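Structure file model_35.cif (mmCIF, C-alpha atoms and all ligand atoms) is printed below.
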```cif
data_query
#
loop_
_atom_site.label_atom_id
_atom_site.label_comp_id
_atom_site.auth_asym_id
_atom_site.auth_seq_id
_atom_site.Cartn_x
_atom_site.Cartn_y
_atom_site.Cartn_z
CA MET A 11 -80.51 7.52 60.79
CA ALA A 12 -82.09 10.19 58.59
CA ASP A 13 -84.11 12.78 60.45
CA LYS A 14 -87.56 11.31 61.06
CA MET A 15 -90.77 13.20 60.46
CA LYS A 16 -89.38 14.63 57.29
CA THR A 17 -91.87 14.70 54.43
CA ILE A 18 -91.33 12.73 51.27
CA VAL A 19 -93.72 13.63 48.46
CA LEU A 20 -93.92 10.52 46.31
CA GLY A 21 -95.17 11.17 42.78
CA VAL A 22 -96.47 8.09 40.99
CA THR A 23 -97.06 8.23 37.22
CA GLY A 24 -98.58 5.87 34.67
CA SER A 25 -96.14 3.02 34.18
CA ILE A 26 -96.49 -0.71 34.71
CA ALA A 27 -93.83 -0.23 37.44
CA ALA A 28 -96.33 1.87 39.48
CA TYR A 29 -96.97 -1.11 41.78
CA LYS A 30 -93.33 -0.95 42.90
CA ALA A 31 -93.99 2.52 44.30
CA ALA A 32 -96.13 0.83 46.96
CA GLU A 33 -93.02 -0.96 48.24
CA LEU A 34 -91.14 2.36 48.36
CA ALA A 35 -94.02 4.05 50.20
CA SER A 36 -94.04 1.17 52.68
CA ARG A 37 -90.30 1.34 53.29
CA PHE A 38 -90.24 5.11 53.85
CA THR A 39 -93.33 4.97 56.07
CA GLY A 40 -91.80 2.10 58.06
CA GLU A 41 -88.67 4.20 58.62
CA GLY A 42 -90.83 6.94 60.17
CA PHE A 43 -91.05 9.41 57.28
CA ARG A 44 -94.28 11.19 56.44
CA VAL A 45 -95.12 10.04 52.93
CA ASP A 46 -97.60 12.07 50.86
CA VAL A 47 -98.45 10.42 47.57
CA ILE A 48 -99.54 12.29 44.45
CA MET A 49 -100.86 10.07 41.64
CA THR A 50 -101.37 11.19 38.06
CA GLU A 51 -104.56 10.14 36.34
CA SER A 52 -102.79 7.44 34.34
CA ALA A 53 -101.07 6.05 37.45
CA GLN A 54 -104.53 5.30 38.80
CA GLN A 55 -105.07 2.92 35.87
CA PHE A 56 -102.23 0.78 37.20
CA ILE A 57 -102.67 0.90 40.99
CA ALA A 58 -105.43 2.11 43.27
CA PRO A 59 -105.03 5.21 45.48
CA LEU A 60 -106.41 3.11 48.34
CA THR A 61 -103.21 1.04 48.32
CA PHE A 62 -101.10 4.11 49.08
CA ARG A 63 -103.64 5.49 51.54
CA ASN A 64 -103.47 2.30 53.59
CA ILE A 65 -99.70 2.04 53.41
CA THR A 66 -98.96 5.67 54.32
CA GLY A 67 -101.96 6.37 56.56
CA ARG A 68 -102.22 9.70 54.72
CA PRO A 69 -104.65 11.12 52.16
CA VAL A 70 -103.58 10.45 48.58
CA VAL A 71 -103.80 13.30 46.07
CA THR A 72 -105.38 12.20 42.80
CA THR A 73 -106.57 15.49 41.32
CA MET A 74 -106.24 19.25 41.70
CA TRP A 75 -110.00 19.63 41.76
CA ASP A 76 -111.08 17.74 44.89
CA ILE A 77 -112.58 20.55 46.98
CA ASP A 78 -112.64 18.35 50.08
CA SER A 79 -108.89 17.68 49.98
CA GLU A 80 -106.71 19.59 52.43
CA PHE A 81 -104.12 19.94 49.65
CA SER A 82 -106.22 21.15 46.73
CA VAL A 83 -107.38 24.26 48.59
CA GLU A 84 -103.77 25.42 48.75
CA HIS A 85 -102.49 23.83 45.55
CA VAL A 86 -98.82 24.33 46.48
CA ALA A 87 -99.16 23.01 50.05
CA LEU A 88 -97.27 19.80 49.27
CA ALA A 89 -94.58 21.71 47.39
CA GLU A 90 -93.90 23.66 50.56
CA ALA A 91 -94.20 20.69 52.93
CA ALA A 92 -91.82 18.49 50.91
CA ASP A 93 -88.30 17.85 52.15
CA VAL A 94 -87.79 15.85 48.98
CA VAL A 95 -89.97 15.05 45.98
CA LEU A 96 -89.43 11.56 44.58
CA ILE A 97 -91.09 10.61 41.29
CA ALA A 98 -91.08 6.83 40.92
CA PRO A 99 -91.89 5.61 38.39
CA ALA A 100 -91.45 8.69 36.18
CA THR A 101 -92.77 8.40 32.61
CA ALA A 102 -91.36 10.21 29.57
CA ASN A 103 -94.47 12.38 29.77
CA ILE A 104 -93.86 13.75 33.30
CA ILE A 105 -90.17 14.23 32.49
CA ALA A 106 -91.15 16.29 29.42
CA LYS A 107 -93.64 18.32 31.44
CA MET A 108 -91.10 19.07 34.16
CA ALA A 109 -88.45 20.03 31.60
CA CYS A 110 -90.90 22.56 30.12
CA GLY A 111 -91.98 23.96 33.49
CA MET A 112 -95.57 22.85 32.96
CA ALA A 113 -98.05 22.73 35.84
CA ASP A 114 -101.26 21.23 34.52
CA ASP A 115 -101.78 18.59 37.19
CA MET A 116 -101.00 18.28 40.90
CA LEU A 117 -97.66 16.51 40.42
CA SER A 118 -96.15 18.86 37.82
CA CYS A 119 -97.58 21.81 39.79
CA THR A 120 -95.87 20.58 42.97
CA VAL A 121 -92.54 20.08 41.19
CA LEU A 122 -92.67 23.58 39.69
CA ALA A 123 -93.48 25.17 43.04
CA THR A 124 -91.12 23.25 45.33
CA LYS A 125 -87.70 24.32 46.58
CA ALA A 126 -86.99 20.76 47.80
CA PRO A 127 -84.63 18.44 45.90
CA VAL A 128 -86.38 16.37 43.22
CA VAL A 129 -85.35 12.76 42.54
CA ILE A 130 -86.59 11.12 39.35
CA ALA A 131 -86.66 7.34 38.79
CA PRO A 132 -87.62 6.88 35.13
CA ALA A 133 -89.44 3.85 33.74
CA MET A 134 -90.39 3.66 30.09
CA ASN A 135 -89.93 1.90 26.77
CA ASP A 136 -86.27 1.90 25.67
CA ASN A 137 -87.01 3.83 22.46
CA MET A 138 -88.78 6.49 24.49
CA TRP A 139 -85.76 6.72 26.82
CA SER A 140 -83.29 7.00 23.94
CA ASN A 141 -85.49 9.43 21.96
CA PRO A 142 -83.67 12.77 21.44
CA PHE A 143 -86.60 14.62 23.04
CA THR A 144 -86.22 12.62 26.25
CA ARG A 145 -82.43 12.91 26.14
CA GLU A 146 -82.74 16.70 25.88
CA ASN A 147 -85.31 16.81 28.68
CA VAL A 148 -83.14 14.69 30.98
CA ALA A 149 -80.08 16.85 30.22
CA LYS A 150 -82.07 20.02 30.91
CA LEU A 151 -83.40 18.73 34.23
CA THR A 152 -79.99 17.40 35.28
CA LYS A 153 -78.46 20.82 34.56
CA ARG A 154 -81.09 22.39 36.78
CA GLY A 155 -80.15 20.13 39.71
CA PHE A 156 -82.76 17.37 39.39
CA THR A 157 -81.33 13.95 40.33
CA PHE A 158 -81.94 10.92 38.13
CA VAL A 159 -81.66 7.39 39.47
CA GLY A 160 -81.84 4.75 36.75
CA PRO A 161 -83.35 3.52 34.56
CA ALA A 162 -81.96 -0.02 34.58
CA ARG A 163 -81.48 -2.45 31.72
CA GLY A 164 -83.73 -5.50 31.69
CA ARG A 165 -87.01 -6.96 30.46
CA LEU A 166 -89.44 -4.19 29.51
CA ALA A 167 -93.25 -4.17 29.32
CA SER A 168 -92.95 -4.76 25.55
CA GLY A 169 -91.26 -8.10 26.31
CA LYS A 170 -87.90 -7.14 24.85
CA MET A 171 -84.70 -6.37 26.73
CA GLY A 172 -83.57 -2.78 26.91
CA LEU A 173 -82.72 0.28 28.98
CA GLY A 174 -85.86 1.67 30.59
CA ARG A 175 -86.81 -0.47 33.58
CA LEU A 176 -87.39 1.19 36.95
CA THR A 177 -84.06 0.79 38.71
CA GLY A 178 -83.63 -1.24 41.92
CA LEU A 179 -85.65 0.00 44.90
CA ASP A 180 -82.53 -0.04 47.12
CA ASP A 181 -80.91 2.48 44.79
CA ILE A 182 -83.99 4.70 44.68
CA TYR A 183 -84.23 4.51 48.47
CA GLY A 184 -80.55 5.38 48.98
CA ILE A 185 -80.51 8.26 46.50
CA THR A 186 -83.66 9.72 48.07
CA LEU A 187 -82.06 9.62 51.54
CA GLN A 188 -78.96 11.25 50.09
CA ALA A 189 -81.09 14.04 48.58
CA LEU A 190 -82.87 14.49 51.93
CA GLY A 191 -79.54 14.90 53.70
CA ARG A 192 -78.06 17.35 51.21
CA LYS A 193 -77.96 20.13 53.79
CA GLY A 194 -77.13 17.77 56.67
CA ASP A 195 -74.51 18.31 59.36
CA LEU A 196 -71.80 16.67 57.23
CA ALA A 197 -72.50 18.74 54.10
CA GLY A 198 -69.26 19.88 52.49
CA LYS A 199 -67.19 17.21 54.28
CA HIS A 200 -65.36 14.35 52.62
CA ILE A 201 -65.28 11.16 54.67
CA VAL A 202 -63.22 8.12 53.73
CA VAL A 203 -64.52 4.84 55.15
CA THR A 204 -62.93 1.40 54.88
CA ALA A 205 -64.90 -1.82 55.26
CA GLY A 206 -64.74 -5.59 54.93
CA GLY A 207 -62.00 -8.13 55.57
CA THR A 208 -58.90 -7.99 53.39
CA GLN A 209 -57.77 -11.13 51.54
CA GLU A 210 -54.08 -12.06 51.47
CA PRO A 211 -53.27 -14.59 48.73
CA VAL A 212 -51.65 -17.94 49.51
CA ASP A 213 -51.90 -19.18 45.93
CA PRO A 214 -54.24 -18.38 42.98
CA VAL A 215 -57.24 -20.03 44.69
CA ARG A 216 -56.63 -19.60 48.42
CA CYS A 217 -56.30 -16.65 50.72
CA LEU A 218 -56.04 -15.65 54.37
CA THR A 219 -59.01 -13.58 55.47
CA ASN A 220 -61.37 -13.10 58.42
CA HIS A 221 -65.08 -13.12 59.30
CA SER A 222 -65.75 -9.41 58.71
CA SER A 223 -69.06 -8.91 56.85
CA GLY A 224 -68.41 -5.23 56.11
CA LYS A 225 -71.81 -4.28 57.58
CA MET A 226 -70.47 -1.79 60.16
CA GLY A 227 -68.31 0.10 57.64
CA TYR A 228 -71.10 0.16 55.04
CA ALA A 229 -73.48 1.50 57.72
CA VAL A 230 -71.03 4.31 58.56
CA ALA A 231 -70.61 5.16 54.86
CA GLU A 232 -74.38 5.27 54.25
CA ALA A 233 -75.07 7.28 57.42
CA ALA A 234 -72.41 9.84 56.39
CA ARG A 235 -73.95 10.04 52.90
CA ASN A 236 -77.41 10.60 54.44
CA ARG A 237 -76.00 13.50 56.47
CA GLY A 238 -74.64 15.29 53.40
CA ALA A 239 -71.04 14.05 53.27
CA GLU A 240 -69.18 13.14 50.12
CA VAL A 241 -68.15 9.57 50.90
CA THR A 242 -65.39 7.38 49.51
CA LEU A 243 -65.91 3.77 50.57
CA ILE A 244 -62.81 1.61 50.22
CA SER A 245 -64.13 -1.90 50.44
CA ALA A 246 -62.43 -5.25 50.75
CA PRO A 247 -64.59 -8.07 49.30
CA THR A 248 -68.03 -8.38 50.98
CA ALA A 249 -71.37 -9.93 50.06
CA LEU A 250 -73.09 -6.55 50.42
CA ALA A 251 -74.71 -4.60 47.58
CA ALA A 252 -72.90 -1.39 46.63
CA PRO A 253 -74.77 1.48 48.30
CA PRO A 254 -75.77 4.20 45.81
CA GLY A 255 -74.42 7.74 46.04
CA LEU A 256 -70.93 6.75 47.22
CA LYS A 257 -67.57 6.59 45.46
CA ILE A 258 -66.67 2.93 45.92
CA ILE A 259 -63.14 1.57 45.48
CA GLY A 260 -62.84 -2.20 45.62
CA VAL A 261 -59.59 -3.65 47.03
CA LYS A 262 -58.42 -7.10 48.05
CA THR A 263 -55.23 -6.96 50.11
CA ALA A 264 -53.98 -4.77 52.98
CA GLU A 265 -51.37 -3.38 50.60
CA ASP A 266 -54.08 -2.39 48.03
CA MET A 267 -56.11 -0.82 50.83
CA LEU A 268 -53.11 1.19 52.04
CA LYS A 269 -52.58 2.63 48.54
CA ALA A 270 -56.28 3.44 48.10
CA VAL A 271 -56.47 5.10 51.54
CA GLN A 272 -53.30 7.14 50.93
CA GLU A 273 -54.81 8.50 47.71
CA ALA A 274 -58.30 9.12 49.11
CA VAL A 275 -57.23 10.96 52.29
CA LYS A 276 -55.49 13.67 50.26
CA LYS A 277 -58.84 15.45 50.13
CA ALA A 278 -60.47 14.01 53.26
CA ASP A 279 -61.76 15.57 56.46
CA ALA A 280 -61.91 12.20 58.23
CA LEU A 281 -60.85 8.59 57.85
CA VAL A 282 -62.96 5.88 59.48
CA MET A 283 -61.08 2.56 59.41
CA ALA A 284 -63.85 0.02 59.97
CA ALA A 285 -62.13 -2.59 57.79
CA ALA A 286 -60.77 -5.75 59.38
CA VAL A 287 -57.33 -5.53 57.83
CA ALA A 288 -55.27 -8.72 57.93
CA ASP A 289 -52.37 -8.33 60.33
CA PHE A 290 -50.24 -10.96 58.59
CA ARG A 291 -49.84 -12.16 55.01
CA PRO A 292 -47.87 -14.95 53.33
CA VAL A 293 -44.34 -13.74 52.61
CA LYS A 294 -44.67 -15.18 49.12
CA ALA A 295 -47.87 -16.21 47.37
CA SER A 296 -47.41 -19.27 45.15
CA SER A 297 -48.08 -18.43 41.49
CA GLN A 298 -49.48 -21.93 40.95
CA LYS A 299 -52.10 -23.83 42.92
CA ILE A 300 -50.48 -25.75 45.79
CA LYS A 301 -51.35 -29.44 45.19
CA ARG A 302 -52.43 -31.62 48.09
CA GLN A 303 -50.80 -34.76 46.61
CA ASP A 304 -47.40 -33.04 46.36
CA LEU A 305 -47.11 -32.37 50.11
CA ASN A 306 -47.57 -34.16 53.43
CA GLU A 307 -47.60 -30.92 55.35
CA LEU A 308 -47.40 -27.26 54.53
CA THR A 309 -45.88 -24.38 56.43
CA ILE A 310 -46.75 -20.87 55.30
CA GLU A 311 -44.36 -18.18 56.40
CA LEU A 312 -46.16 -14.98 57.34
CA GLU A 313 -45.06 -11.37 57.62
CA LYS A 314 -46.75 -8.31 59.05
CA THR A 315 -48.96 -6.20 56.78
CA PRO A 316 -48.57 -2.41 56.85
CA ASP A 317 -50.54 -0.79 59.67
CA ILE A 318 -52.68 1.58 57.59
CA LEU A 319 -53.93 3.72 60.48
CA ALA A 320 -50.44 4.14 61.89
CA GLN A 321 -48.96 5.06 58.49
CA VAL A 322 -51.57 7.40 57.08
CA LYS A 323 -51.29 10.71 58.85
CA GLY A 324 -52.42 14.24 58.05
CA SER A 325 -54.74 16.99 59.14
CA PHE A 326 -57.84 14.79 59.07
CA ILE A 327 -59.67 13.09 61.92
CA ARG A 328 -58.75 9.41 62.31
CA VAL A 329 -61.18 6.88 63.72
CA GLY A 330 -60.17 3.29 64.35
CA PHE A 331 -62.07 0.16 65.33
CA ALA A 332 -60.98 -2.41 67.87
CA ALA A 333 -62.50 -5.87 67.68
CA GLU A 334 -61.50 -7.49 70.94
CA SER A 335 -62.17 -10.82 72.59
CA HIS A 336 -61.11 -9.71 76.09
CA ASP A 337 -60.17 -6.58 78.11
CA VAL A 338 -62.01 -4.51 75.50
CA VAL A 339 -61.63 -1.05 77.05
CA ALA A 340 -58.03 -1.48 78.25
CA ASN A 341 -56.92 -2.79 74.85
CA ALA A 342 -58.79 -0.05 72.99
CA LYS A 343 -57.31 2.70 75.19
CA GLU A 344 -53.85 1.37 74.49
CA LYS A 345 -54.63 1.36 70.73
CA VAL A 346 -55.83 4.99 70.71
CA LYS A 347 -52.44 6.01 72.15
CA ARG A 348 -50.29 3.69 70.07
CA LYS A 349 -51.94 4.64 66.76
CA GLY A 350 -52.44 8.31 67.73
CA LEU A 351 -56.19 8.19 66.99
CA ASP A 352 -58.89 10.77 67.62
CA LEU A 353 -61.50 8.10 68.39
CA ILE A 354 -61.71 4.35 68.69
CA VAL A 355 -64.83 2.23 68.48
CA ALA A 356 -64.38 -0.97 70.46
CA ASN A 357 -66.54 -4.05 70.67
CA ASP A 358 -66.42 -7.52 72.15
CA ILE A 359 -66.63 -9.91 69.22
CA THR A 360 -67.32 -12.91 71.44
CA GLU A 361 -70.87 -11.64 72.14
CA MET A 362 -73.52 -13.25 69.91
CA ASP A 363 -75.41 -10.10 68.91
CA CYS A 364 -72.30 -8.01 68.24
CA GLY A 365 -69.43 -7.81 65.82
CA PHE A 366 -68.91 -10.01 62.80
CA GLY A 367 -71.95 -10.59 60.59
CA ALA A 368 -74.51 -9.26 63.09
CA ASP A 369 -76.97 -6.48 62.21
CA THR A 370 -76.58 -5.03 65.70
CA ASN A 371 -73.58 -3.93 67.69
CA ARG A 372 -72.79 -2.90 71.26
CA VAL A 373 -69.80 -0.60 71.20
CA THR A 374 -67.72 1.58 73.47
CA ILE A 375 -66.42 4.83 72.01
CA ILE A 376 -63.17 6.14 73.48
CA ASP A 377 -61.59 9.47 72.58
CA SER A 378 -57.95 10.55 72.60
CA LYS A 379 -58.30 11.85 76.17
CA GLY A 380 -59.44 8.43 77.34
CA LYS A 381 -63.11 9.44 77.83
CA VAL A 382 -65.24 6.30 77.61
CA GLU A 383 -68.84 6.11 76.37
CA ASN A 384 -70.67 2.78 76.48
CA LEU A 385 -73.56 2.48 74.01
CA PRO A 386 -76.39 -0.04 74.37
CA LEU A 387 -77.09 -2.77 71.81
CA LEU A 388 -78.24 -0.91 68.66
CA PRO A 389 -78.78 -1.59 64.94
CA LYS A 390 -75.49 -0.92 63.11
CA GLY A 391 -77.12 2.09 61.34
CA GLU A 392 -77.75 3.74 64.70
CA VAL A 393 -74.26 2.91 65.95
CA ALA A 394 -72.96 4.58 62.78
CA ASP A 395 -74.88 7.77 63.57
CA LYS A 396 -73.55 7.83 67.15
CA ILE A 397 -70.00 7.54 65.80
CA LEU A 398 -70.69 10.36 63.33
CA ASP A 399 -72.13 12.55 66.12
CA LYS A 400 -68.77 12.27 67.89
CA LEU A 401 -66.85 12.79 64.65
CA ILE A 402 -68.77 16.00 63.93
CA THR A 403 -67.80 17.53 67.27
CA LEU A 404 -64.16 16.78 66.41
CA LEU A 405 -64.51 18.24 62.90
CA ARG A 406 -65.73 21.48 64.45
O1 LIG B 501 -54.30 -3.30 65.92
P1 LIG B 501 -55.61 -3.71 65.41
O2 LIG B 501 -55.55 -4.47 64.13
O3 LIG B 501 -56.52 -4.37 66.39
O4 LIG B 501 -56.33 -2.28 65.07
C1 LIG B 501 -57.59 -2.21 64.51
C2 LIG B 501 -57.73 -0.92 63.77
O5 LIG B 501 -56.59 -0.68 62.97
C3 LIG B 501 -58.89 -0.96 62.81
O6 LIG B 501 -59.43 0.34 62.69
C4 LIG B 501 -58.25 -1.42 61.51
O7 LIG B 501 -58.99 -0.99 60.39
C5 LIG B 501 -56.88 -0.78 61.59
N1 LIG B 501 -55.80 -1.55 60.97
C6 LIG B 501 -55.01 -0.96 60.01
N2 LIG B 501 -54.00 -1.67 59.41
C7 LIG B 501 -53.74 -2.93 59.78
C8 LIG B 501 -54.51 -3.55 60.78
C9 LIG B 501 -55.54 -2.83 61.34
O8 LIG B 501 -55.23 0.20 59.69
N3 LIG B 501 -52.76 -3.59 59.18
#
```
Kindly return the structure encoded in the file as structure tokens.
Amino acid sequence: MADKMKTIVLGVTGSIAAYKAAELASRFTGEGFRVDVIMTESAQQFIAPLTFRNITGRPVVTTMWDIDSEFSVEHVALAEAADVVLIAPATANIIAKMACGMADDMLSCTVLATKAPVVIAPAMNDNMWSNPFTRENVAKLTKRGFTFVGPARGRLASGKMGLGRLTGLDDIYGITLQALGRKGDLAGKHIVVTAGGTQEPVDPVRCLTNHSSGKMGYAVAEAARNRGAEVTLISAPTALAAPPGLKIIGVKTAEDMLKAVQEAVKKADALVMAAAVADFRPVKASSQKIKRQDLNELTIELEKTPDILAQVKGSFIRVGFAAESHDVVANAKEKVKRKGLDLIVANDITEMDCGFGADTNRVTIIDSKGKVENLPLLPKGEVADKILDKLITLLR
């Protein structure tokens, strides 16, 4: 989990999407961040400062000239306190001001004075977004290290469809956490994570797969991103949304996953194999749909899939997962040795609140020397951070 008590300065500007900033403020506050909101004058036409005050439990800055405000006395106080500045929604106007280095209100002043990363989530009319002035301003800010997230295509305030909508809040949230973790303990490291259950075709409509939801692998990938790592997520099909800020490679079969992993580990510091890779696949997939009326019974001949972890070797740390239904620790210890792993994360999939599909997991982490650490039941995001804590000691 990202380091709590970090300060997010949330700049809200005058767009119809300003109400969505309340949801962002709520989510960050709920996660334990200190959220200080700065509203431009026009933002206050769309949403009341009181909304943010109640959500964040913090004073909201609405002007530079409030002599009673703790922030206006020292007009760069928030610039210095910020671990990240997020502007959502960001109008063409604030983007232009930032690109020119202007500082004529509290938000532009804070951006000019801060050394923290700045994330910009634009929302505006599509013609404003495509206007050469805006294009130049965005290019200028990008070159200077500002991060843009969005905009998205969709229905705009004008009623027409176009590119200019505030992008999804999940993406803004993820990119902000990534910016916060830029100097984290995994900065400069490349981590490859696999996730999901592979699908081995039987015919064009059927496949052999398993109950993996991909949640544990996605949690590891996002936690690594939030700690500064460059992350490649190799994902078998899942129902999960693609987390922002990751390089995502979609695969279906164990064979596809093997090829993707072999390529990705060439530049990796660690491989975390959280995917539930099929152990067997049909020897031959039928090219046409197998018809029920043509057969009384059907036997499918299976062969072993390649063992990715056992095959992919190199000077990177290798972490495996062991989903067991009995003798969890004994089986996992045997697997660490057999596959020559640095770490294995084992769990009992027969427990209700663990394993497939659950949002929580109770795992045991075992290292190559056989040292066993039992973790309590935790949200998968926290399990991911515990795994990364161990991984970091090995990377050192
Ligand atoms: O041997 P078992 O399948 O239980 O090992 C589980 C671990 O090995 C997981 O980390 C899984 O991602 C990986 N694995 C693999 N290739 C396979 C099967 C499993 O890399 N064909």
Near Ile359 (chain A), within 9 Å and counting all atoms listed in the file, which residues show up once chain neighbours fewer than 2 positions away are dropped, as a VMD selection string?
chain A and resid 333 to 336 357 361 to 366
Save out the residues we just selected, C-alpha atoms, as a PDB file, keeping the file's coordinate frame.
```pdb
ATOM      1  CA  ALA A 333     -62.500  -5.870  67.680  1.00  0.00           C
ATOM      2  CA  GLU A 334     -61.500  -7.490  70.940  1.00  0.00           C
ATOM      3  CA  SER A 335     -62.170 -10.820  72.590  1.00  0.00           C
ATOM      4  CA  HIS A 336     -61.110  -9.710  76.090  1.00  0.00           C
ATOM      5  CA  ASN A 357     -66.540  -4.050  70.670  1.00  0.00           C
ATOM      6  CA  GLU A 361     -70.870 -11.640  72.140  1.00  0.00           C
ATOM      7  CA  MET A 362     -73.520 -13.250  69.910  1.00  0.00           C
ATOM      8  CA  ASP A 363     -75.410 -10.100  68.910  1.00  0.00           C
ATOM      9  CA  CYS A 364     -72.300  -8.010  68.240  1.00  0.00           C
ATOM     10  CA  GLY A 365     -69.430  -7.810  65.820  1.00  0.00           C
ATOM     11  CA  PHE A 366     -68.910 -10.010  62.800  1.00  0.00           C
TER      12      PHE A 366
END
```
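In terms of minimum interatomic distance to ligand LIG 501 (chain B), A:Ser222 ranks closest within A:Asn64, A:Gln303, A:Ser222, A:Ser378, counting all atoms listed in the file.
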May I ask you to write as a short mmCIF file (atom, residue, chain, number, x, y, z; two decimals) with C-alpha atoms, in the frame of the given file all residues lying at most 9 Å from ligand LIG 501 (chain B), with all atoms listed in the file counted?
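Final file, part13.cif:
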```
data_model
loop_
_atom_site.label_atom_id
_atom_site.label_comp_id
_atom_site.auth_asym_id
_atom_site.auth_seq_id
_atom_site.Cartn_x
_atom_site.Cartn_y
_atom_site.Cartn_z
CA THR A 204 -62.93 1.40 54.88
CA ALA A 205 -64.90 -1.82 55.26
CA ALA A 264 -53.98 -4.77 52.98
CA GLU A 265 -51.37 -3.38 50.60
CA MET A 267 -56.11 -0.82 50.83
CA LEU A 268 -53.11 1.19 52.04
CA VAL A 282 -62.96 5.88 59.48
CA MET A 283 -61.08 2.56 59.41
CA ALA A 284 -63.85 0.02 59.97
CA ALA A 285 -62.13 -2.59 57.79
CA ALA A 286 -60.77 -5.75 59.38
CA VAL A 287 -57.33 -5.53 57.83
CA ALA A 288 -55.27 -8.72 57.93
CA ASP A 289 -52.37 -8.33 60.33
CA PHE A 290 -50.24 -10.96 58.59
CA LYS A 314 -46.75 -8.31 59.05
CA THR A 315 -48.96 -6.20 56.78
CA PRO A 316 -48.57 -2.41 56.85
CA ASP A 317 -50.54 -0.79 59.67
CA ILE A 318 -52.68 1.58 57.59
CA LEU A 319 -53.93 3.72 60.48
CA ALA A 320 -50.44 4.14 61.89
CA GLN A 321 -48.96 5.06 58.49
CA VAL A 322 -51.57 7.40 57.08
CA VAL A 329 -61.18 6.88 63.72
CA GLY A 330 -60.17 3.29 64.35
CA PHE A 331 -62.07 0.16 65.33
CA ALA A 332 -60.98 -2.41 67.87
CA ALA A 333 -62.50 -5.87 67.68
CA GLU A 334 -61.50 -7.49 70.94
CA ASN A 341 -56.92 -2.79 74.85
CA ALA A 342 -58.79 -0.05 72.99
CA LYS A 345 -54.63 1.36 70.73
CA LYS A 349 -51.94 4.64 66.76
CA ILE A 354 -61.71 4.35 68.69
CA VAL A 355 -64.83 2.23 68.48
#
```
Quick one, how far is CA of Val129 (chain A) from CA of Ala98 (chain A)?
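If I compute the distance from CA of Val129 (chain A) to CA of Ala98 (chain A), I get 8.4 Å.
Proximity ranking of A:Ala270, A:Val293, A:Ile130, A:Val393 relative to Ile182 (chain A) places A:Ile130 first, based on all atoms listed in the file.
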Kindly give the distance, in Å, that separates CA of Gly206 (chain A) and CA of Gly227 (chain A), rounded to a single decimal.
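Value for the CA of Gly206 (chain A)-CA of Gly227 (chain A) distance: 7.2 Å.
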Within 12 Å of Asp399 (chain A), counting all atoms listed in the file, which residues show up once you throw out same-chain ones fewer than 5 positions away? Write them as number ranges by chain, please.
A: 11, 194-196, 230, 233-234, 237, 353, 375, 392-394, 404-406
Quick one: write out the picked residues with C-alpha atoms as a CSV table (one decimal), keeping the file's coordinate frame?
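Just written: again-v8.csv:
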```
chain,number,residue,atom,x,y,z
A,11,MET,CA,-80.5,7.5,60.8
A,194,GLY,CA,-77.1,17.8,56.7
A,195,ASP,CA,-74.5,18.3,59.4
A,196,LEU,CA,-71.8,16.7,57.2
A,230,VAL,CA,-71.0,4.3,58.6
A,233,ALA,CA,-75.1,7.3,57.4
A,234,ALA,CA,-72.4,9.8,56.4
A,237,ARG,CA,-76.0,13.5,56.5
A,353,LEU,CA,-61.5,8.1,68.4
A,375,ILE,CA,-66.4,4.8,72.0
A,392,GLU,CA,-77.8,3.7,64.7
A,393,VAL,CA,-74.3,2.9,66.0
A,394,ALA,CA,-73.0,4.6,62.8
A,404,LEU,CA,-64.2,16.8,66.4
A,405,LEU,CA,-64.5,18.2,62.9
A,406,ARG,CA,-65.7,21.5,64.4
```
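Closest approach to Ala28 (chain A) among A:Gly324, A:Gly67, A:Pro59, A:Gly391: A:Pro59, based on all atoms listed in the file.
The residue set within 8 Å of Thr248 (chain A), counting all atoms listed in the file and dropping same-chain residues fewer than 5 places from it, reads Gly206, Gly207, Ser223 and Gly224 of chain A.
Ranking A:Thr124, A:Thr374, A:Asn236, A:Gln272 by their shortest atom-to-atom distance to Thr186 (chain A), with only C-alpha atoms included, puts A:Asn236 first.
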Taking (-84.2, 2.3, 33.4) in the file's own coordinates, collect the residues within 6 Å, counting all atoms listed in the file, and hand them back as a list in words.
Pro132, Ala133, Gly160, Pro161, Ala162, Arg163, Leu173, Gly174, Arg175, Leu176 and Thr177 of chain A
Quote the spacing between CA of Thr39 (chain A) and CA of Arg68 (chain A) in Å to one decimal place.
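The value is 10.2 Å.
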Using all atoms listed in the file, the residue out of A:Val241, A:Ala89, A:Leu179, A:Ala295 with shortest distance to Thr120 (chain A) is A:Ala89
Taking 4 positions as the minimum chain separation for residues in the same chain, which residues sit within 10 Å of Leu88 (chain A) when counting only C-alpha atoms? Answer as an MDAnalysis selection string.
chainID A and resid 17:19 46:48 71 80:82 84 92:93 95 116:117 119:121 123:124
From A:Ala58, A:Ala274, A:Ala239, A:Cys217, residue lying nearest Lys299 (chain A) [all atoms listed in the file]:
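Of the candidates, the smallest distance to Lys299 (chain A) is held by A:Cys217.
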Give, as JSON, the centre coordinates and the x, y and z edge lengths in Å to one decimal for an axis-aligned box around all listed atoms of region 227-241 of chain A, padded by 6 Å on each side.
```
{"center_x": -72.8, "center_y": 7.7, "center_z": 54.3, "size_x": 21.3, "size_y": 27.2, "size_z": 20.4}
```
